[in-house]
>>> print(open('final_1.csv').read())   # CSV, C-alpha atoms
chain,number,residue,atom,x,y,z
G,19,GLU,CA,-3.8,73.8,218.4
G,20,VAL,CA,-4.6,73.8,222.1
G,21,GLN,CA,-7.2,71.3,223.0
G,22,LEU,CA,-8.8,70.6,226.3
G,23,LEU,CA,-11.2,67.7,226.7
G,24,GLU,CA,-13.1,67.4,229.9
G,25,SER,CA,-14.8,64.2,231.2
G,26,GLY,CA,-16.2,62.7,234.3
G,27,GLY,CA,-19.4,64.7,234.7
G,28,GLY,CA,-22.9,63.1,235.2
G,29,LEU,CA,-26.1,63.1,237.1
G,30,VAL,CA,-25.5,62.3,240.7
G,31,GLN,CA,-27.3,62.5,244.0
G,32,PRO,CA,-26.5,65.1,246.7
G,33,GLY,CA,-23.6,64.1,248.9
G,34,VAL,CA,-21.7,61.9,246.4
G,35,SER,CA,-18.3,62.5,244.8
G,36,LEU,CA,-17.0,62.7,241.3
G,37,ARG,CA,-13.6,63.2,239.7
G,38,LEU,CA,-13.5,65.4,236.7
G,39,SER,CA,-10.6,65.1,234.3
G,40,CYS,CA,-9.2,67.3,231.5
G,41,ALA,CA,-6.9,65.9,228.9
G,42,ALA,CA,-4.7,68.6,227.4
G,43,SER,CA,-2.9,68.6,224.1
G,44,GLY,CA,-1.3,71.0,221.6
G,45,PHE,CA,0.9,72.9,224.2
G,46,THR,CA,3.5,72.1,226.9
G,47,PHE,CA,1.1,71.3,229.7
G,48,SER,CA,3.8,71.3,232.4
G,49,SER,CA,4.6,75.0,231.6
G,50,TYR,CA,1.2,76.4,232.3
G,51,ALA,CA,-1.1,77.0,235.3
G,52,MET,CA,-4.6,75.6,234.9
G,53,SER,CA,-8.0,76.4,236.3
G,54,TRP,CA,-11.5,75.1,236.6
G,55,VAL,CA,-14.4,77.5,235.9
G,56,ARG,CA,-18.1,76.6,236.2
G,57,GLN,CA,-21.3,78.0,234.8
G,58,ALA,CA,-24.7,77.1,236.3
G,59,PRO,CA,-27.6,76.8,233.9
G,60,GLY,CA,-28.5,80.3,232.7
G,61,LYS,CA,-26.0,82.0,235.0
G,62,GLY,CA,-22.7,83.7,234.8
G,63,LEU,CA,-19.1,82.4,235.1
G,64,GLU,CA,-17.6,81.3,238.5
G,65,TRP,CA,-13.9,80.6,238.9
G,66,VAL,CA,-13.6,77.4,241.0
G,67,SER,CA,-10.0,76.5,241.5
G,68,GLY,CA,-6.5,77.0,240.1
G,69,ILE,CA,-3.2,75.2,240.2
G,70,SER,CA,0.3,76.4,239.2
G,71,ALA,CA,2.4,74.7,236.5
G,72,THR,CA,4.4,72.7,239.0
G,73,ALA,CA,1.5,72.1,241.4
G,74,ASP,CA,3.2,73.9,244.3
G,75,SER,CA,0.3,76.4,244.6
G,76,THR,CA,-3.4,75.7,244.6
G,77,TYR,CA,-6.4,78.1,245.2
G,78,TYR,CA,-10.1,77.7,245.7
G,79,ALA,CA,-13.3,79.7,245.6
G,80,ASP,CA,-14.8,80.0,249.1
G,81,SER,CA,-17.9,78.1,247.9
G,82,VAL,CA,-15.9,74.9,247.3
G,83,LYS,CA,-13.0,75.1,249.7
G,84,GLY,CA,-12.8,72.0,251.8
G,85,ARG,CA,-14.9,70.0,249.3
G,86,PHE,CA,-13.0,70.2,246.0
G,87,THR,CA,-9.4,69.3,245.3
G,88,ILE,CA,-7.5,70.3,242.2
G,89,SER,CA,-4.5,68.3,241.0
G,90,ARG,CA,-2.5,67.6,237.9
G,91,ASP,CA,-0.3,64.9,236.4
G,92,ASN,CA,2.2,66.5,234.1
G,93,SER,CA,3.4,63.2,232.9
G,94,LYS,CA,-0.1,62.5,231.6
G,95,ASN,CA,-1.0,66.0,230.5
G,96,THR,CA,-4.1,65.8,232.6
G,97,LEU,CA,-5.8,68.1,235.1
G,98,TYR,CA,-8.2,66.8,237.7
G,99,LEU,CA,-10.9,68.1,240.0
G,100,GLN,CA,-12.1,65.9,242.9
G,101,VAL,CA,-15.5,67.1,243.9
G,102,ASN,CA,-16.9,65.8,247.1
G,103,SER,CA,-20.1,66.3,249.1
G,104,LEU,CA,-21.9,67.5,246.0
G,105,ARG,CA,-24.8,69.9,246.5
G,106,ALA,CA,-27.6,71.0,244.2
G,107,GLU,CA,-25.9,74.4,243.8
G,108,ASP,CA,-22.8,72.7,242.3
G,109,THR,CA,-24.9,71.9,239.2
G,110,ALA,CA,-23.1,73.5,236.3
G,111,VAL,CA,-20.9,73.0,233.3
G,112,TYR,CA,-17.3,72.7,234.5
G,113,HIS,CA,-14.7,74.1,232.1
G,114,CYS,CA,-11.0,73.3,232.2
G,115,VAL,CA,-9.0,76.4,231.3
G,116,LYS,CA,-5.3,76.9,230.4
G,117,MET,CA,-3.9,80.1,232.0
G,118,LEU,CA,-1.6,82.5,230.2
G,119,GLY,CA,1.5,81.7,232.3
G,120,ASP,CA,3.0,79.3,234.8
G,121,SER,CA,1.5,80.8,237.9
G,122,VAL,CA,-2.1,81.2,239.0
G,123,TYR,CA,-1.7,85.0,238.9
G,124,TYR,CA,-2.2,85.1,235.1
G,125,THR,CA,-5.6,85.4,233.4
G,126,LEU,CA,-7.5,82.6,231.8
G,127,ASP,CA,-6.6,81.8,228.2
G,128,VAL,CA,-8.0,78.8,226.3
G,129,TRP,CA,-11.2,77.0,227.5
G,130,GLY,CA,-12.5,73.5,227.0
G,131,GLN,CA,-16.1,72.9,226.1
G,132,GLY,CA,-16.9,71.6,229.5
G,133,THR,CA,-18.4,68.6,231.3
G,134,THR,CA,-21.8,68.8,232.9
G,135,VAL,CA,-22.4,68.0,236.5
G,136,THR,CA,-26.0,67.7,237.6
G,137,VAL,CA,-26.7,67.2,241.3
G,138,SER,CA,-30.3,66.0,242.0
G,139,SER,CA,-32.2,63.5,244.1
J,9,ALA,CA,-13.0,88.6,247.7
J,10,ILE,CA,-12.9,91.5,245.2
J,11,GLN,CA,-16.3,92.3,243.7
J,12,MET,CA,-16.5,93.1,240.0
J,13,THR,CA,-19.5,95.2,239.0
J,14,GLN,CA,-20.2,95.1,235.3
J,15,SER,CA,-22.6,97.5,233.5
J,16,PRO,CA,-24.9,97.5,231.7
J,17,SER,CA,-26.2,94.0,232.2
J,18,SER,CA,-27.6,94.1,228.7
J,19,LEU,CA,-27.7,96.4,225.8
J,20,SER,CA,-29.3,96.6,222.3
J,21,ALA,CA,-27.2,97.9,219.4
J,22,SER,CA,-27.0,97.9,215.7
J,23,VAL,CA,-24.3,96.7,213.3
J,24,GLY,CA,-21.8,99.5,213.0
J,25,ASP,CA,-22.5,101.0,216.4
J,26,ARG,CA,-19.7,101.8,218.9
J,27,VAL,CA,-20.3,99.8,222.1
J,28,THR,CA,-18.8,100.4,225.5
J,29,ILE,CA,-19.0,98.0,228.5
J,30,THR,CA,-17.6,99.0,231.9
J,31,CYS,CA,-16.3,97.0,234.8
J,32,ARG,CA,-15.6,98.4,238.3
J,33,ALA,CA,-13.6,96.6,241.0
J,34,SER,CA,-14.3,96.9,244.7
J,35,GLN,CA,-10.6,97.7,245.3
J,36,GLY,CA,-7.6,98.6,243.1
J,37,ILE,CA,-6.4,95.8,240.9
J,38,ARG,CA,-3.7,97.6,238.9
J,39,ASP,CA,-4.3,96.4,235.3
J,40,ASP,CA,-4.9,92.8,236.2
J,41,LEU,CA,-8.2,92.5,234.2
J,42,GLY,CA,-9.3,90.4,231.3
J,43,TRP,CA,-12.3,90.5,229.0
J,44,PHE,CA,-14.0,87.4,227.6
J,45,GLN,CA,-16.7,86.8,224.9
J,46,GLN,CA,-19.2,84.0,225.2
J,47,LYS,CA,-21.6,82.9,222.5
J,48,PRO,CA,-24.6,80.7,223.3
J,49,GLY,CA,-23.6,77.1,223.8
J,50,LYS,CA,-19.9,77.9,223.4
J,51,ALA,CA,-16.9,78.2,225.7
J,52,PRO,CA,-15.7,81.8,226.5
J,53,LYS,CA,-12.9,83.3,224.5
J,54,LEU,CA,-10.2,85.6,225.8
J,55,LEU,CA,-10.3,89.0,224.1
J,56,ILE,CA,-8.2,91.3,226.2
J,57,TYR,CA,-5.7,90.7,229.0
J,58,SER,CA,-3.8,93.1,231.3
J,59,ALA,CA,-6.6,95.6,230.7
J,60,SER,CA,-5.5,96.7,227.3
J,61,SER,CA,-3.5,94.0,225.5
J,62,LEU,CA,-5.3,92.4,222.6
J,63,GLN,CA,-5.1,88.6,222.5
J,64,SER,CA,-3.7,87.1,219.4
J,65,GLY,CA,-6.2,86.6,216.6
J,66,VAL,CA,-8.8,89.0,218.1
J,67,PRO,CA,-10.0,91.7,215.7
J,68,SER,CA,-8.7,95.2,216.3
J,69,ARG,CA,-12.2,96.7,216.7
J,70,PHE,CA,-12.0,95.3,220.3
J,71,SER,CA,-10.0,97.5,222.7
J,72,GLY,CA,-9.7,97.7,226.5
J,73,SER,CA,-8.6,100.5,228.8
J,74,GLY,CA,-8.4,101.4,232.5
J,75,SER,CA,-6.4,100.7,235.6
J,76,GLY,CA,-7.0,100.7,239.3
J,77,THR,CA,-10.8,100.2,239.7
J,78,ASP,CA,-12.4,101.3,236.5
J,79,PHE,CA,-12.1,99.5,233.2
J,80,THR,CA,-13.8,99.7,229.7
J,81,LEU,CA,-14.2,97.3,226.8
J,82,THR,CA,-15.0,99.0,223.6
J,83,ILE,CA,-16.1,97.6,220.3
J,84,SER,CA,-15.5,100.3,217.7
J,85,SER,CA,-17.9,99.1,215.0
J,86,LEU,CA,-20.2,96.2,216.1
J,87,GLN,CA,-20.3,93.3,213.7
J,88,PRO,CA,-22.9,90.5,213.4
J,89,GLU,CA,-20.6,88.0,215.0
J,90,ASP,CA,-20.1,90.2,218.0
J,91,PHE,CA,-23.5,89.6,219.5
J,92,ALA,CA,-22.7,87.7,222.6
J,93,THR,CA,-22.2,88.0,226.3
J,94,TYR,CA,-19.1,89.7,227.6
J,95,TYR,CA,-17.5,89.1,231.0
J,96,CYS,CA,-14.6,90.9,232.8
J,97,LEU,CA,-12.3,88.9,235.2
J,98,GLN,CA,-9.9,90.2,237.8
J,99,ASP,CA,-6.7,88.2,238.2
J,100,TYR,CA,-5.1,90.5,240.8
J,101,ASN,CA,-5.7,88.1,243.6
J,102,HIS,CA,-7.5,84.9,244.6
J,103,PRO,CA,-10.2,84.0,244.4
J,104,LEU,CA,-10.4,85.2,240.8
J,105,THR,CA,-13.8,86.9,240.3
J,106,PHE,CA,-15.9,87.7,237.2
J,107,GLY,CA,-18.3,90.5,236.5
J,108,GLY,CA,-21.9,89.6,236.1
J,109,GLY,CA,-21.8,89.8,232.3
J,110,THR,CA,-23.2,92.1,229.6
J,111,LYS,CA,-25.4,90.6,226.9
J,112,VAL,CA,-25.1,92.5,223.6
J,113,GLU,CA,-28.2,92.0,221.6
J,114,ILE,CA,-29.3,93.1,218.1
J,115,LYS,CA,-31.5,96.2,218.0
>>> encode(input="final_1.csv", output="structure tokens")
Amino acid sequence: EVQLLESGGGLVQPGVSLRLSCAASGFTFSSYAMSWVRQAPGKGLEWVSGISATADSTYYADSVKGRFTISRDNSKNTLYLQVNSLRAEDTAVYHCVKMLGDSVYYTLDVWGQGTTVTVSS
Amino acid sequence: AIQMTQSPSSLSASVGDRVTITCRASQGIRDDLGWFQQKPGKAPKLLIYSASSLQSGVPSRFSGSGSGTDFTLTISSLQPEDFATYYCLQDYNHPLTFGGGTKVEIK
């Protein structure tokens, strides 16, 4: 069974940084692209970033480009999202998502339950 | 970025009803569209990929159709467990973009 367990969220002040992690199990992590998707309280879904299986391609939403960095460690079956210069509008549940194939041009498949980031002074 | 316009934003229906949700892309996206179901407090679940392919384990009452700019998700006979919010997602190019969601409520 595919399992995705996110961690690293919390209550932080504007301007600070966090590193979100996603521990993957139940599938060959190194064979699949991965994404981060967020959902602000009471709002819809927003794709944030994606990375190919071999990490040779990364993509970002315009709203986070230059502030967020996606990476992965295939030896540890772990996906990361470095989030810098946090803003109030970054407040959301951040989901780690396995994609259907090895490139970032597949759709989203299995989702983790998410980790909550709250940005407030 | 490609804009995905989903309609309606909400609907009320009864168990057994046929329900149709539409999604329109701001430009052609071939059949690079998925549909997701989200229940309150839960992570979304993939229902349909490539516009019309049923994900493994998803009941056959769910179906998808369309290509280019106009797409449809149909639930042939609504069941109690289907009351949820549904989202479309284009994976034609980056950034990936979702529709605004359709909340299906009990009439």
>>> closest_atom_pairs(input="final_1.csv", of="chain J", to="chain G", cutoff="6 Å", atoms="all atoms listed in the file", output="CSV")
residue,atom,partner,partner_atom,distance
J:Ala51,CA,G:Gln131,CA,5.4
J:Leu54,CA,G:Asp127,CA,5.8
J:Asp99,CA,G:Thr125,CA,5.7
J:Pro103,CA,G:Ala79,CA,5.4
>>> residues_around(input="final_1.csv", residues="Lys47 (chain J)", least_positions_apart="3", cutoff="9 Å", atoms="only C-alpha atoms", output="number ranges by chain")
J: 50-53, 90-94
>>> closest_residue(input="final_1.csv", among="G:Ser25, G:Ser48, G:Thr72, G:Gln57", to="Lys94 (chain G)", atoms="all atoms listed in the file")
G:Ser48
>>> residues_around(input="final_1.csv", residues="Val135 (chain G)", least_positions_apart="2", cutoff="12 Å", atoms="all atoms listed in the file", output="PDB file with C-alpha atoms, keeping the file's coordinate frame")
ATOM      1  CA  GLU G  24     -13.100  67.400 229.900  1.00  0.00           C
ATOM      2  CA  SER G  25     -14.800  64.200 231.200  1.00  0.00           C
ATOM      3  CA  GLY G  26     -16.200  62.700 234.300  1.00  0.00           C
ATOM      4  CA  GLY G  27     -19.400  64.700 234.700  1.00  0.00           C
ATOM      5  CA  GLY G  28     -22.900  63.100 235.200  1.00  0.00           C
ATOM      6  CA  LEU G  29     -26.100  63.100 237.100  1.00  0.00           C
ATOM      7  CA  VAL G  30     -25.500  62.300 240.700  1.00  0.00           C
ATOM      8  CA  GLN G  31     -27.300  62.500 244.000  1.00  0.00           C
ATOM      9  CA  PRO G  32     -26.500  65.100 246.700  1.00  0.00           C
ATOM     10  CA  VAL G  34     -21.700  61.900 246.400  1.00  0.00           C
ATOM     11  CA  SER G  35     -18.300  62.500 244.800  1.00  0.00           C
ATOM     12  CA  LEU G  36     -17.000  62.700 241.300  1.00  0.00           C
ATOM     13  CA  ARG G  37     -13.600  63.200 239.700  1.00  0.00           C
ATOM     14  CA  LEU G  38     -13.500  65.400 236.700  1.00  0.00           C
ATOM     15  CA  ARG G  56     -18.100  76.600 236.200  1.00  0.00           C
ATOM     16  CA  GLN G  57     -21.300  78.000 234.800  1.00  0.00           C
ATOM     17  CA  ALA G  58     -24.700  77.100 236.300  1.00  0.00           C
ATOM     18  CA  PRO G  59     -27.600  76.800 233.900  1.00  0.00           C
ATOM     19  CA  VAL G 101     -15.500  67.100 243.900  1.00  0.00           C
ATOM     20  CA  LEU G 104     -21.900  67.500 246.000  1.00  0.00           C
ATOM     21  CA  ARG G 105     -24.800  69.900 246.500  1.00  0.00           C
ATOM     22  CA  ALA G 106     -27.600  71.000 244.200  1.00  0.00           C
ATOM     23  CA  GLU G 107     -25.900  74.400 243.800  1.00  0.00           C
ATOM     24  CA  ASP G 108     -22.800  72.700 242.300  1.00  0.00           C
ATOM     25  CA  THR G 109     -24.900  71.900 239.200  1.00  0.00           C
ATOM     26  CA  ALA G 110     -23.100  73.500 236.300  1.00  0.00           C
ATOM     27  CA  VAL G 111     -20.900  73.000 233.300  1.00  0.00           C
ATOM     28  CA  TYR G 112     -17.300  72.700 234.500  1.00  0.00           C
ATOM     29  CA  HIS G 113     -14.700  74.100 232.100  1.00  0.00           C
ATOM     30  CA  GLY G 132     -16.900  71.600 229.500  1.00  0.00           C
ATOM     31  CA  THR G 133     -18.400  68.600 231.300  1.00  0.00           C
ATOM     32  CA  VAL G 137     -26.700  67.200 241.300  1.00  0.00           C
ATOM     33  CA  SER G 138     -30.300  66.000 242.000  1.00  0.00           C
TER      34      SER G 138
END
>>> atom_distance(input="final_1.csv", atom1="CA of Val23 (chain J)", atom2="CA of Pro88 (chain J)")
6.4 Å
>>> atom_distance(input="final_1.csv", atom1="CA of Tyr98 (chain G)", atom2="CA of His102 (chain J)")
19.4 Å
>>> closest_residue(input="final_1.csv", among="J:Leu104, J:Ile114, J:Ala59, J:Ile37", to="Ser73 (chain J)", atoms="all atoms listed in the file")
J:Ala59
>>> residues_near_point(input="final_1.csv", point="(-14.3, 99.2, 217.1)", cutoff="7 Å", atoms="only C-alpha atoms", output="VMD selection string")
chain J and resid 26 68 to 70 82 to 86
>>> residues_around(input="final_1.csv", residues="Thr77 (chain J)", least_positions_apart="5", cutoff="9 Å", atoms="only C-alpha atoms", output="ChimeraX atom specification")
/J:31-39
>>> atom_distance(input="final_1.csv", atom1="CA of Gln45 (chain J)", atom2="CA of Cys96 (chain J)")
9.1 Å
>>> closest_residue(input="final_1.csv", among="G:Asp91, G:Leu97, G:Tyr50, G:Asn102", to="Cys114 (chain G)", atoms="only C-alpha atoms")
G:Leu97
>>> closest_residue(input="final_1.csv", among="J:Ser18, J:Leu62, J:Val112, J:Leu55", to="Gln87 (chain J)", atoms="only C-alpha atoms")
J:Val112
>>> decode(input="final_1.csv", residues="region 18-39 of chain J", atoms="N, CA and C atoms", output="mmCIF file, in the first residue's frame")
data_model
loop_
_atom_site.group_PDB
_atom_site.id
_atom_site.type_symbol
_atom_site.label_atom_id
_atom_site.label_comp_id
_atom_site.auth_asym_id
_atom_site.auth_seq_id
_atom_site.Cartn_x
_atom_site.Cartn_y
_atom_site.Cartn_z
ATOM 1 N N SER J 18 -21.645 24.353 -7.015
ATOM 2 C CA SER J 18 -22.308 23.445 -6.085
ATOM 3 C C SER J 18 -23.593 22.948 -6.710
ATOM 4 N N LEU J 19 -24.052 21.824 -6.228
ATOM 5 C CA LEU J 19 -25.323 21.283 -6.680
ATOM 6 C C LEU J 19 -25.928 20.418 -5.581
ATOM 7 N N SER J 20 -27.240 20.328 -5.604
ATOM 8 C CA SER J 20 -27.964 19.456 -4.682
ATOM 9 C C SER J 20 -28.601 18.333 -5.489
ATOM 10 N N ALA J 21 -28.437 17.134 -5.024
ATOM 11 C CA ALA J 21 -28.979 15.988 -5.739
ATOM 12 C C ALA J 21 -29.403 14.906 -4.758
ATOM 13 N N SER J 22 -30.211 13.992 -5.255
ATOM 14 C CA SER J 22 -30.707 12.894 -4.428
ATOM 15 C C SER J 22 -29.995 11.603 -4.784
ATOM 16 N N VAL J 23 -29.994 10.674 -3.850
ATOM 17 C CA VAL J 23 -29.444 9.346 -4.116
ATOM 18 C C VAL J 23 -30.162 8.749 -5.324
ATOM 19 N N GLY J 24 -29.380 8.232 -6.253
ATOM 20 C CA GLY J 24 -29.929 7.656 -7.464
ATOM 21 C C GLY J 24 -29.923 8.601 -8.658
ATOM 22 N N ASP J 25 -29.709 9.888 -8.417
ATOM 23 C CA ASP J 25 -29.694 10.864 -9.508
ATOM 24 C C ASP J 25 -28.453 10.692 -10.383
ATOM 25 N N ARG J 26 -28.598 11.125 -11.623
ATOM 26 C CA ARG J 26 -27.455 11.243 -12.523
ATOM 27 C C ARG J 26 -26.911 12.649 -12.380
ATOM 28 N N VAL J 27 -25.611 12.758 -12.153
ATOM 29 C CA VAL J 27 -24.980 14.054 -11.892
ATOM 30 C C VAL J 27 -23.892 14.298 -12.934
ATOM 31 N N THR J 28 -23.859 15.524 -13.447
ATOM 32 C CA THR J 28 -22.854 15.901 -14.434
ATOM 33 C C THR J 28 -22.156 17.173 -13.991
ATOM 34 N N ILE J 29 -20.847 17.135 -14.023
ATOM 35 C CA ILE J 29 -20.000 18.280 -13.683
ATOM 36 C C ILE J 29 -19.136 18.580 -14.904
ATOM 37 N N THR J 30 -18.986 19.858 -15.228
ATOM 38 C CA THR J 30 -18.198 20.204 -16.397
ATOM 39 C C THR J 30 -16.968 21.033 -16.026
ATOM 40 N N CYS J 31 -15.985 20.951 -16.884
ATOM 41 C CA CYS J 31 -14.731 21.677 -16.712
ATOM 42 C C CYS J 31 -14.315 22.183 -18.083
ATOM 43 N N ARG J 32 -13.997 23.461 -18.164
ATOM 44 C CA ARG J 32 -13.583 24.048 -19.430
ATOM 45 C C ARG J 32 -12.192 24.652 -19.276
ATOM 46 N N ALA J 33 -11.316 24.320 -20.211
ATOM 47 C CA ALA J 33 -9.946 24.844 -20.203
ATOM 48 C C ALA J 33 -9.867 26.093 -21.071
ATOM 49 N N SER J 34 -8.994 27.007 -20.695
ATOM 50 C CA SER J 34 -8.852 28.266 -21.426
ATOM 51 C C SER J 34 -8.114 28.090 -22.753
ATOM 52 N N GLN J 35 -7.512 26.916 -22.955
ATOM 53 C CA GLN J 35 -6.912 26.555 -24.225
ATOM 54 C C GLN J 35 -6.960 25.034 -24.344
ATOM 55 N N GLY J 36 -6.714 24.522 -25.530
ATOM 56 C CA GLY J 36 -6.775 23.084 -25.725
ATOM 57 C C GLY J 36 -5.742 22.333 -24.909
ATOM 58 N N ILE J 37 -6.184 21.245 -24.275
ATOM 59 C CA ILE J 37 -5.286 20.450 -23.437
ATOM 60 C C ILE J 37 -5.330 18.965 -23.821
ATOM 61 N N ARG J 38 -5.710 18.694 -25.077
ATOM 62 C CA ARG J 38 -5.853 17.294 -25.541
ATOM 63 C C ARG J 38 -6.781 16.557 -24.568
ATOM 64 N N ASP J 39 -6.316 15.429 -24.042
ATOM 65 C CA ASP J 39 -7.107 14.719 -23.026
ATOM 66 C C ASP J 39 -6.363 14.671 -21.703
#
